[in-house]
Each structure stands twice: as C-alpha cells, then as structure tokens.
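Reproduced below: model-v5.tsv, with TSV, C-alpha atoms and all ligand atoms.
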chain	number	residue	atom	x	y	z
A	1	MET	CA	139.75	103.97	107.58
A	2	HIS	CA	137.24	103.29	104.86
A	3	GLU	CA	139.56	100.54	103.87
A	4	LEU	CA	138.70	98.87	107.18
A	5	ALA	CA	134.99	99.38	106.51
A	6	GLN	CA	135.55	97.73	103.15
A	7	ARG	CA	137.26	94.77	104.74
A	8	ILE	CA	134.44	94.37	107.26
A	9	LEU	CA	131.94	94.43	104.42
A	10	THR	CA	133.79	91.66	102.64
A	11	GLY	CA	133.45	89.50	105.74
A	12	ASP	CA	137.00	89.58	107.09
A	13	PRO	CA	136.88	88.58	110.79
A	14	ARG	CA	140.30	90.14	111.44
A	15	ALA	CA	138.87	93.47	110.34
A	16	VAL	CA	136.07	93.04	112.89
A	17	ALA	CA	138.63	92.35	115.63
A	18	ARG	CA	140.59	95.43	114.66
A	19	ALA	CA	137.46	97.59	114.59
A	20	CYS	CA	136.39	96.39	118.04
A	21	ARG	CA	139.86	97.20	119.36
A	22	LEU	CA	139.71	100.71	117.96
A	23	ILE	CA	136.30	101.12	119.57
A	24	ASP	CA	137.63	99.92	122.91
A	25	GLU	CA	140.55	102.30	122.74
A	26	ARG	CA	138.17	105.18	121.98
A	27	SER	CA	140.23	105.85	118.92
A	28	PRO	CA	139.04	108.81	116.82
A	29	ASP	CA	139.34	106.42	113.87
A	30	ALA	CA	136.55	104.36	115.39
A	31	GLU	CA	134.13	107.27	115.13
A	32	ALA	CA	134.82	107.73	111.44
A	33	LEU	CA	134.47	104.01	110.90
A	34	LEU	CA	131.14	103.81	112.71
A	35	ARG	CA	129.86	106.75	110.73
A	36	ALA	CA	130.80	104.94	107.54
A	37	LEU	CA	129.13	101.74	108.67
A	38	PHE	CA	125.95	103.09	110.23
A	39	GLN	CA	123.83	103.10	107.09
A	40	LYS	CA	124.54	99.43	106.54
A	41	THR	CA	123.43	98.24	109.97
A	42	GLY	CA	120.09	96.83	111.01
A	43	ARG	CA	120.07	93.35	109.59
A	44	ALA	CA	121.35	91.29	112.52
A	45	ARG	CA	119.21	89.85	115.23
A	46	VAL	CA	120.64	90.59	118.67
A	47	ILE	CA	119.92	88.16	121.48
A	48	GLY	CA	120.81	89.02	125.07
A	49	VAL	CA	121.66	86.18	127.43
A	50	THR	CA	121.73	87.23	131.05
A	51	GLY	CA	121.64	85.63	134.50
A	52	ALA	CA	123.73	85.06	137.58
A	53	PRO	CA	127.37	83.96	137.31
A	54	GLY	CA	127.53	80.20	136.96
A	55	SER	CA	123.93	79.81	135.80
A	56	GLY	CA	125.17	78.42	132.49
A	57	LYS	CA	125.00	81.41	130.15
A	58	SER	CA	128.20	80.56	128.28
A	59	THR	CA	127.36	76.89	127.96
A	60	LEU	CA	123.90	77.76	126.66
A	61	THR	CA	125.23	80.37	124.29
A	62	ASP	CA	127.75	77.89	122.97
A	63	GLY	CA	124.93	75.47	122.18
A	64	LEU	CA	122.83	78.19	120.57
A	65	VAL	CA	125.78	79.25	118.45
A	66	ALA	CA	126.15	75.66	117.24
A	67	ARG	CA	122.49	75.62	116.23
A	68	ALA	CA	122.66	78.95	114.48
A	69	ARG	CA	125.73	77.68	112.63
A	70	ALA	CA	123.86	74.54	111.64
A	71	ARG	CA	121.31	76.83	109.99
A	72	GLY	CA	124.17	78.36	108.06
A	73	GLU	CA	124.13	81.65	109.91
A	74	ARG	CA	127.17	83.78	110.55
A	75	VAL	CA	127.30	84.44	114.30
A	76	GLY	CA	128.77	86.98	116.70
A	77	VAL	CA	129.19	86.61	120.45
A	78	LEU	CA	130.02	89.48	122.77
A	79	ALA	CA	130.65	88.36	126.33
A	80	ILE	CA	130.79	90.90	129.11
A	81	ASP	CA	133.21	89.93	131.84
A	82	PRO	CA	132.33	91.46	135.17
A	83	SER	CA	136.03	91.61	136.17
A	84	SER	CA	135.21	91.41	139.82
A	85	PRO	CA	137.62	89.65	142.14
A	86	PHE	CA	134.95	87.02	142.70
A	87	THR	CA	134.34	86.12	139.09
A	88	GLY	CA	137.80	86.82	137.78
A	89	GLY	CA	137.80	83.61	135.82
A	90	ALA	CA	134.70	84.42	133.83
A	91	LEU	CA	136.52	85.71	130.81
A	92	LEU	CA	138.62	82.62	130.47
A	93	GLY	CA	135.57	80.50	131.25
A	94	ASP	CA	133.60	82.07	128.41
A	95	ARG	CA	136.41	81.36	125.98
A	96	ILE	CA	136.77	77.76	127.08
A	97	ARG	CA	133.05	77.18	126.96
A	98	MET	CA	132.98	78.33	123.35
A	99	GLN	CA	136.26	76.76	122.30
A	100	ARG	CA	134.72	74.53	119.68
A	101	HIS	CA	133.87	77.60	117.59
A	102	ALA	CA	137.33	79.12	117.87
A	103	ALA	CA	138.51	77.82	114.50
A	104	ASP	CA	135.26	78.73	112.73
A	105	ASP	CA	135.70	81.85	110.60
A	106	GLU	CA	131.95	82.37	110.59
A	107	VAL	CA	131.88	82.81	114.36
A	108	PHE	CA	133.30	85.92	116.00
A	109	ILE	CA	133.68	85.83	119.78
A	110	ARG	CA	134.91	88.71	121.88
A	111	SER	CA	135.03	89.46	125.59
A	112	PHE	CA	134.65	92.91	127.09
A	113	GLY	CA	135.86	93.75	130.57
A	114	THR	CA	133.75	96.00	132.74
A	115	ARG	CA	136.59	97.19	134.92
A	116	GLY	CA	136.86	100.91	134.61
A	117	ALA	CA	134.24	100.99	131.90
A	118	HIS	CA	132.27	103.81	133.57
A	119	GLY	CA	129.28	103.68	131.31
A	120	GLY	CA	131.44	103.28	128.25
A	121	LEU	CA	130.79	99.56	128.13
A	122	ALA	CA	127.31	99.81	126.66
A	123	ARG	CA	128.72	102.19	124.09
A	124	SER	CA	131.53	99.80	123.15
A	125	THR	CA	129.26	96.78	122.86
A	126	THR	CA	126.65	98.68	120.87
A	127	ALA	CA	129.35	99.83	118.48
A	128	CYS	CA	130.80	96.35	118.20
A	129	VAL	CA	127.29	95.00	117.52
A	130	GLN	CA	127.09	97.44	114.62
A	131	VAL	CA	130.42	96.21	113.27
A	132	LEU	CA	129.31	92.57	113.53
A	133	ASP	CA	126.04	93.46	111.87
A	134	VAL	CA	127.82	94.94	108.86
A	135	TRP	CA	130.25	92.02	108.85
A	136	GLY	CA	127.20	89.90	108.11
A	137	ALA	CA	126.40	88.25	111.43
A	138	ARG	CA	122.85	87.05	111.19
A	139	THR	CA	122.61	86.48	114.93
A	140	ILE	CA	124.60	88.24	117.64
A	141	PHE	CA	124.57	86.99	121.22
A	142	ILE	CA	125.44	89.28	124.10
A	143	GLU	CA	126.28	87.43	127.30
A	144	THR	CA	126.17	89.51	130.45
A	145	VAL	CA	125.47	89.01	134.14
A	146	GLY	CA	122.20	90.63	135.01
A	147	VAL	CA	123.40	92.70	137.91
A	148	GLY	CA	124.30	96.34	137.90
A	149	GLN	CA	123.18	99.12	135.63
A	150	VAL	CA	126.16	98.71	133.31
A	151	GLU	CA	125.36	95.06	132.71
A	152	VAL	CA	121.69	95.80	132.13
A	153	ASP	CA	122.34	98.79	129.86
A	154	VAL	CA	124.17	96.63	127.33
A	155	LEU	CA	120.95	94.67	126.82
A	156	ASP	CA	119.04	97.54	125.32
A	157	VAL	CA	120.44	96.70	121.88
A	158	ALA	CA	118.98	93.20	122.15
A	159	GLU	CA	115.64	92.49	120.54
A	160	THR	CA	115.15	89.38	122.64
A	161	VAL	CA	116.49	88.91	126.15
A	162	VAL	CA	116.92	85.40	127.50
A	163	VAL	CA	117.17	85.29	131.28
A	164	VAL	CA	118.90	82.17	132.59
A	165	VAL	CA	117.67	80.94	135.95
A	166	VAL	CA	118.50	77.75	137.82
A	167	PRO	CA	116.60	75.61	140.31
A	168	GLY	CA	117.01	76.73	143.87
A	169	MET	CA	117.58	80.30	142.82
A	170	GLY	CA	115.32	81.32	145.67
A	171	ASP	CA	111.74	82.42	145.68
A	172	ASP	CA	109.96	84.54	143.16
A	173	VAL	CA	110.33	87.57	145.39
A	174	GLN	CA	114.05	87.40	144.85
A	175	ALA	CA	113.53	87.02	141.13
A	176	ASN	CA	111.38	90.10	141.13
A	177	LYS	CA	113.83	92.09	143.14
A	178	ALA	CA	116.48	91.57	140.53
A	179	GLY	CA	114.09	93.02	137.98
A	180	ILE	CA	114.40	89.96	135.80
A	181	LEU	CA	110.67	89.59	135.31
A	182	GLU	CA	110.68	92.91	133.54
A	183	ILE	CA	113.58	92.37	131.22
A	184	ALA	CA	112.96	88.72	130.29
A	185	ASP	CA	111.42	87.87	126.94
A	186	VAL	CA	112.24	84.20	127.39
A	187	PHE	CA	113.35	82.28	130.46
A	188	ALA	CA	115.83	79.42	130.20
A	189	LEU	CA	115.40	77.31	133.30
A	190	ASN	CA	118.83	75.79	133.05
A	191	LYS	CA	120.36	72.94	135.08
A	192	ALA	CA	117.01	71.24	134.81
A	193	ASP	CA	118.92	68.07	135.70
A	194	HIS	CA	119.20	69.43	139.23
A	195	ALA	CA	116.59	68.74	141.89
A	196	GLY	CA	113.81	71.26	142.19
A	197	ALA	CA	113.48	72.17	138.51
A	198	GLU	CA	109.79	71.49	138.51
A	199	ARG	CA	109.20	73.55	141.58
A	200	ALA	CA	111.31	76.41	140.25
A	201	GLU	CA	109.29	76.42	137.05
A	202	ARG	CA	106.01	76.48	138.96
A	203	GLU	CA	107.17	79.36	141.12
A	204	LEU	CA	108.44	81.34	138.19
A	205	ALA	CA	105.26	80.77	136.21
A	206	ALA	CA	103.19	81.84	139.20
A	207	ALA	CA	105.25	84.97	139.65
A	208	LEU	CA	104.82	85.80	135.96
A	209	ALA	CA	101.09	85.21	136.00
A	210	LEU	CA	100.69	87.25	139.14
A	211	GLY	CA	102.46	90.39	138.48
A	212	ARG	CA	104.35	90.95	135.37
A	213	ALA	CA	104.59	94.66	135.70
A	214	PRO	CA	104.30	96.88	132.66
A	215	VAL	CA	107.36	96.33	130.59
A	216	LYS	CA	110.35	98.27	131.76
A	217	LEU	CA	113.16	98.81	129.36
A	218	ALA	CA	116.77	98.28	129.93
A	219	GLY	CA	118.53	101.59	129.68
A	220	GLY	CA	117.80	102.97	133.07
A	221	HIS	CA	116.73	106.55	132.81
A	222	HIS	CA	114.68	106.23	129.65
A	223	HIS	CA	111.61	104.25	130.54
A	224	SER	CA	109.38	104.84	127.58
A	225	ALA	CA	105.72	104.01	127.72
A	226	ALA	CA	105.81	100.40	126.61
A	227	PRO	CA	102.63	98.34	126.53
A	228	ALA	CA	101.69	96.32	129.57
A	229	ALA	CA	102.14	92.60	129.20
A	230	THR	CA	99.29	90.59	127.79
A	231	PRO	CA	98.94	86.81	128.14
A	232	GLU	CA	100.39	86.36	124.65
A	233	ASP	CA	103.61	88.12	125.49
A	234	THR	CA	104.19	86.54	128.86
A	235	PRO	CA	107.67	85.10	128.55
A	236	ARG	CA	108.03	81.43	127.82
A	237	ILE	CA	109.88	79.25	130.28
A	238	VAL	CA	112.04	76.63	128.60
A	239	ARG	CA	113.81	73.95	130.60
A	240	THR	CA	117.35	73.28	129.48
A	241	VAL	CA	120.36	71.18	130.41
A	242	ALA	CA	123.03	73.17	128.62
A	243	THR	CA	125.83	70.69	129.31
A	244	ARG	CA	123.89	67.96	127.51
A	245	GLU	CA	122.44	70.34	124.92
A	246	GLU	CA	118.95	69.42	126.03
A	247	GLY	CA	116.13	71.84	125.42
A	248	LEU	CA	118.19	74.02	123.13
A	249	ASP	CA	115.95	73.53	120.11
A	250	ALA	CA	112.97	74.51	122.24
A	251	LEU	CA	114.87	77.52	123.53
A	252	LEU	CA	115.76	78.63	120.03
A	253	ALA	CA	112.15	78.12	118.98
A	254	ALA	CA	110.99	80.34	121.85
A	255	ILE	CA	113.52	83.00	120.82
A	256	ASP	CA	112.33	82.79	117.21
A	257	GLU	CA	108.73	82.97	118.32
A	258	HIS	CA	109.46	86.13	120.27
A	259	GLY	CA	111.10	87.58	117.17
A	260	ILE	CA	107.97	86.81	115.17
A	261	TRP	CA	105.84	88.42	117.87
A	262	LEU	CA	107.99	91.54	117.61
A	263	ARG	CA	107.61	91.69	113.85
A	264	THR	CA	103.99	90.75	113.39
A	265	THR	CA	101.99	92.23	116.25
A	266	GLU	CA	101.08	95.73	117.28
A	267	PRO	CA	102.49	95.50	120.83
A	268	GLY	CA	105.56	93.84	119.36
A	269	ALA	CA	106.11	96.74	116.99
A	270	GLU	CA	105.64	99.21	119.84
A	271	ARG	CA	108.16	97.31	121.92
A	272	ARG	CA	110.69	97.33	119.12
A	273	ILE	CA	110.34	101.05	118.60
A	274	ALA	CA	110.49	101.76	122.34
A	275	ARG	CA	113.65	99.68	122.74
A	276	ARG	CA	115.30	101.23	119.76
A	277	ARG	CA	114.53	104.69	121.10
A	278	ALA	CA	115.82	103.83	124.55
A	279	SER	CA	119.00	102.50	123.01
A	280	ALA	CA	119.44	105.52	120.74
A	281	SER	CA	118.77	107.85	123.62
A	282	ARG	CA	121.35	106.08	125.77
A	283	GLN	CA	123.89	106.16	122.95
A	284	LEU	CA	123.38	109.83	122.30
A	285	SER	CA	123.61	110.81	125.93
A	286	GLU	CA	126.80	108.76	126.34
A	287	LEU	CA	128.38	110.29	123.29
A	288	VAL	CA	127.49	113.82	124.25
A	289	THR	CA	128.51	113.32	127.86
A	290	ALA	CA	131.87	111.91	126.83
A	291	ARG	CA	132.52	114.83	124.49
A	292	VAL	CA	131.51	117.47	126.98
A	293	LEU	CA	133.49	115.84	129.77
A	294	ASP	CA	136.56	115.70	127.55
A	295	GLU	CA	136.32	119.43	127.06
A	296	LEU	CA	135.72	120.13	130.72
A	297	THR	CA	138.25	117.79	132.26
A	298	PRO	CA	140.96	120.18	133.51
A	299	ARG	CA	138.44	122.74	134.67
A	300	LEU	CA	136.30	120.05	136.26
A	301	ALA	CA	139.22	118.88	138.41
A	302	GLU	CA	139.96	122.45	139.51
A	303	LEU	CA	136.41	123.20	140.46
A	304	ALA	CA	135.92	119.80	142.11
A	305	ALA	CA	138.89	120.62	144.32
A	306	ARG	CA	137.35	123.94	145.26
A	307	VAL	CA	133.98	122.33	145.94
A	308	GLY	CA	135.86	119.75	148.04
A	309	GLU	CA	137.39	122.58	150.05
A	310	ALA	CA	133.92	124.08	150.44
A	311	GLU	CA	135.10	127.25	148.72
A	312	ILE	CA	132.24	127.05	146.29
A	313	ASP	CA	129.02	125.03	146.10
A	314	PRO	CA	128.51	122.43	143.37
A	315	HIS	CA	125.57	124.25	141.75
A	316	THR	CA	127.50	127.44	141.32
A	317	ALA	CA	130.51	125.49	140.09
A	318	SER	CA	128.49	123.65	137.44
A	319	GLU	CA	126.81	126.89	136.32
A	320	GLN	CA	130.23	128.44	136.01
A	321	MET	CA	131.51	125.55	133.89
A	322	LEU	CA	128.52	125.68	131.57
A	323	ALA	CA	128.90	129.42	131.20
A	324	GLU	CA	132.56	128.95	130.29
A	325	LEU	CA	131.63	126.27	127.80
A	326	ARG	CA	129.09	128.55	126.15
A	327	GLU	CA	131.65	131.33	126.05
A	328	LYS	CA	134.17	129.00	124.37
A	329	ARG	CA	131.59	127.97	121.76
A	330	ARG	CA	130.91	131.59	120.87
A	331	SER	CA	134.54	132.51	120.36
A	401	LIG	N1	124.52	70.12	135.85
A	401	LIG	C1	124.56	71.11	134.98
A	401	LIG	N2	125.63	71.92	134.93
A	401	LIG	C2	125.63	72.92	134.03
A	401	LIG	C3	124.55	73.15	133.16
A	401	LIG	N3	124.83	74.23	132.39
A	401	LIG	C4	126.05	74.67	132.76
A	401	LIG	N4	126.54	73.88	133.74
A	401	LIG	C5	127.84	74.04	134.42
A	401	LIG	O1	127.80	75.20	135.21
A	401	LIG	C6	129.07	75.85	135.23
A	401	LIG	C7	128.95	77.29	134.82
A	401	LIG	O2	128.60	77.34	133.45
A	401	LIG	P1	128.87	78.65	132.56
A	401	LIG	O3	128.29	78.38	131.24
A	401	LIG	O4	130.30	79.03	132.61
A	401	LIG	O5	128.02	79.73	133.36
A	401	LIG	P2	128.00	81.34	133.19
A	401	LIG	O6	128.88	81.90	134.26
A	401	LIG	O7	126.58	81.73	133.42
A	401	LIG	O8	128.48	81.66	131.83
A	401	LIG	C8	129.97	75.04	134.34
A	401	LIG	O9	130.73	74.17	135.13
A	401	LIG	C9	129.01	74.25	133.47
A	401	LIG	O10	129.53	73.06	132.99
A	401	LIG	C10	123.41	72.26	133.24
A	401	LIG	O11	122.41	72.40	132.54
A	401	LIG	N5	123.49	71.27	134.17
A	402	MG	MG	129.96	82.98	131.17
Turn the structure described in the file into structure tokens.
Amino acid sequence: MHELAQRILTGDPRAVARACRLIDERSPDAEALLRALFQKTGRARVIGVTGAPGSGKSTLTDGLVARARARGERVGVLAIDPSSPFTGGALLGDRIRMQRHAADDEVFIRSFGTRGAHGGLARSTTACVQVLDVWGARTIFIETVGVGQVEVDVLDVAETVVVVVVPGMGDDVQANKAGILEIADVFALNKADHAGAERAERELAAALALGRAPVKLAGGHHHSAAPAATPEDTPRIVRTVATREEGLDALLAAIDEHGIWLRTTEPGAERRIARRRASASRQLSELVTARVLDELTPRLAELAARVGEAEIDPHTASEQMLAELREKRRS
C-alpha cells in the first residue's frame, strides 16, 4: 500500500485514480493509505463551485482549470453528480464540459455519484482531496449542486466557495432561503449574456448589504462561532459568460483575493480555523459512526424489527445496544 503512496507522491495520475477507487469502495487499504498520506497534506487550495443544475458550474470550472493550467499549476477537479432522475445526465455533462483537459496529465478529473452515499460522500471527497493534495495539485475544484445537506457538507473542505447564480434566478428571498448568502465567499453571476443580469446583480448586492447573517459553516451540525461579516468580507459579485470565457480572469482574481483575505487578516484566520475544525469534526463523526454501525449492524436490524413491532421502545433498544457494545469492549 505504501507503494501506492509512493506513486502518488511521484505524481502518477493513475495512482490517484486507483486511490480514489479504493476510497470509494471503502477498502481497508484506503485507510492505511490515507494514514500514510495525511502528514503530507495541506498544500493545495480547495475551491468549491456550487449552484443550481444548469447554472454553468462545469463550464465555469473548465475555464478556471484552463487558467490555473496557464499559470503552470497542477489541478484536480472533483464533480459531485446528484444522480437524480432529473439530472441524470450531469455526470456525462461534466465530463464533456471538461473534455479539453482529458489528455492533460496535470489535470485530474473525477465524478462522484451521490446515489446511496448516505453521508459517505463528504468522506470520500475529503479523502480524495487529500490524495490530490499529496499528488501535487495546487488547486482543487469541487463542483457540487448547492442543494441538500450531502451536497453542502462536501464544501466544508473548501477554503473558498464560489456560488454560481444566473439572471432570473428569482428574488433575493429565494437566494436567502437556499442559504447561499451564508456559504458564498464569491458570487459568479453567470450567463450575464442573458437579459436581466444587471437587475440580478443589483438584487443580490442589496440582499448582501441588507442581511448577510453571521457566517454559517457548511457541515451542518457544527456551527462554530465564526465572525460576523464585515464590509471587507462581503462576497464579491463577478459577472461571467462561461461559454465565452468572459469574466473568468476577474473571477479568479476574486477567488485569489479571498484567499489573501483568509491568510492575512484576523477574521480570515478565524474563518480558516473554524472551517477546518468543522471539517475535522464532520470527518471524525463520520468515521466513528461508520465503525460503530459496522459493529452493530446485525444487532441493529434485530432490535429495529422489535421496535417496529412495538415490542420495545427505541430508547431502551439503543441503551441495550450501547451496553452490549461496552460489554464487548471489556471482554
Ligand atoms: N448563454 C450562456 N449559456 C451558458 C453559460 N454558461 C453555461 N452555459 C450553458 O448552460 C448549460 C449548462 O452548463 P453546465 O456548465 O453544464 O452547468 P452545470 O449543470 O451547473 O454544471 C450548457 O448548455 C452551457 O453551455 C453562459 O454564460 N451563457
Ligand atoms: Mg455540471
């Protein structure tokens, strides 16, 4: 297994693909590998790109990848495919959108399905981010639709989150409802070639000025005390036309600027620490939960059946399981 770590370290993209597969399959080998790699992580910059299906995330990411490549950076892209019957083509779409980088050995692109991922998706992407980091990716993009806890959880490894919105997306109330004001570090107002771009920008800016709530972190249950937004860290809105690669330099500049804010200011440092803690906390709870559930599985099914038959209440059943677990640990 350390042989695979070695190959990743030497920059072999096939080793990265193999590692991500092992991670997906929950192979025990993956755990050993990640343990071996962990000390060497922490150099990559992770950028989240989120927004509604069809807003242009893949097209934008493709353009950003090209720019990062032009700077000489090695790049990773992890695309989360919602696998819903309505967006079934997303996975293929992401690949096609980024086709021009397919032959580039310095670009690693991978899609993750969410179907049946039951909270394991954030774990898989986080692990794959670590692999890409050690592989030498300078920038890693994570593309994900911004709906659902699973899709939002994967963003907690990102240092900068770009939220893609389009004209006519509806009023600011709707934007707020989706929670995007809280998770956005930068807005890409894409499809600026469509009518209503100006108005959409005005509305978004007004919504931001009005009530950017104290920063909430992706990661659901672990809302650490992050600093409230100040005028300096109000997210930038950058107009883009991804299909014509317009506004991409400005978008990249806004992303870079946010990275500088994170590294050079007090609230930026606090944000970084808070995000890292939220991510670590999520990772730990997922790992522990998975382990404990593995151990409990047969018993869990038995007791669930009995609870289902109203033979026993769920509290008593869970107490019983924990007691059995403790007993097993002692022996
Ligand atoms: N007119 C216009 N179309 C765009 C723009 N960006 C993306 N598209 C188109 O919108 C569709 C969805 O783009 P895609 O990148 O797959 O969106 P995703 O689902 O968010 O990844 C594609 O047909 C793109 O060509 C844009 O700025 N202007
Ligand atoms: Mg896409």
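Nearest to ligand LIG 401 (chain A) of all the residues A:Glu246, A:Glu25, A:Asp12, A:Glu151 is A:Glu246, counting all atoms listed in the file.
Using all atoms listed in the file, we find that the residues with an atom at most 7 Å from any atom of ligand LIG 401 (chain A) are Gly51, Ala52, Pro53, Gly54, Ser55, Gly56, Lys57, Ser58, Thr59, Leu60, Ala90, Gly93, Asp94, Arg97, Asn190, Lys191, Ala192, Asp193, His194, Thr240, Val241, Ala242, Thr243 and Arg244 of chain A.
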Exercise for the section: For atom CA of A:Arg239 and atom CA of A:Ala188, quote the distance in Å rounded to one decimal. Expected result: 5.8 Å
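Between ligand MG 402 (chain A) and the residues A:Ala15, A:Arg69, A:Gly146, A:Glu3, the shortest atom-to-atom distance, using all atoms listed in the file, involves A:Gly146.
Distances here use all atoms listed in the file; by that measure, the residue among A:Leu64, A:Lys40, A:Leu78, A:Thr126 closest to ligand MG 402 (chain A) is A:Leu78.
Atom CA of A:Val152 is found 26.5 Å from atom CA of A:Glu73.
Nearest residue to ligand MG 402 (chain A) among A:Ala207, A:Ile142, A:Ala79, A:Leu262 is A:Ala79, counting only C-alpha atoms and all ligand atoms.
In terms of minimum interatomic distance to ligand MG 402 (chain A), A:Met98 ranks closest within A:Val16, A:Cys128, A:Ile140, A:Met98, counting only C-alpha atoms and all ligand atoms.
As for atom CA of A:Ile273 and atom CA of A:Ala19, they are spaced 27.6 Å apart.
The shortest atom-to-atom distance to A:Leu252, with only C-alpha atoms taken into account, belongs to A:Thr139 out of A:Thr139, A:Gln320, A:Ser285, A:Thr234.
At a cut-off of 7 Å from (131.5, 87.2, 116.8), the residue set is Val75, Gly76, Val77, Leu78, Val107, Phe108, Ile109, Arg110 and Leu132 of chain A (counting all atoms listed in the file).
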Could you save those same residues with C-alpha atoms as a JSON list (two decimals), in the frame of the given file?
[["chain", "number", "residue", "atom", "x", "y", "z"],
["A", 75, "VAL", "CA", 127.30, 84.44, 114.30],
["A", 76, "GLY", "CA", 128.77, 86.98, 116.70],
["A", 77, "VAL", "CA", 129.19, 86.61, 120.45],
["A", 78, "LEU", "CA", 130.02, 89.48, 122.77],
["A", 107, "VAL", "CA", 131.88, 82.81, 114.36],
["A", 108, "PHE", "CA", 133.30, 85.92, 116.00],
["A", 109, "ILE", "CA", 133.68, 85.83, 119.78],
["A", 110, "ARG", "CA", 134.91, 88.71, 121.88],
["A", 132, "LEU", "CA", 129.31, 92.57, 113.53]]
Exercise for the section: Mind checking which residues fall within 12 Å of A:Leu22, counting all atoms listed in the file, ignoring those fewer than 3 positions away in the same chain, and posting them as JSON, numbers by chain? Expected result: {"A": [1, 4, 15, 16, 17, 18, 19, 25, 26, 27, 28, 29, 30, 31, 32, 33, 34, 124, 127, 128, 131]}
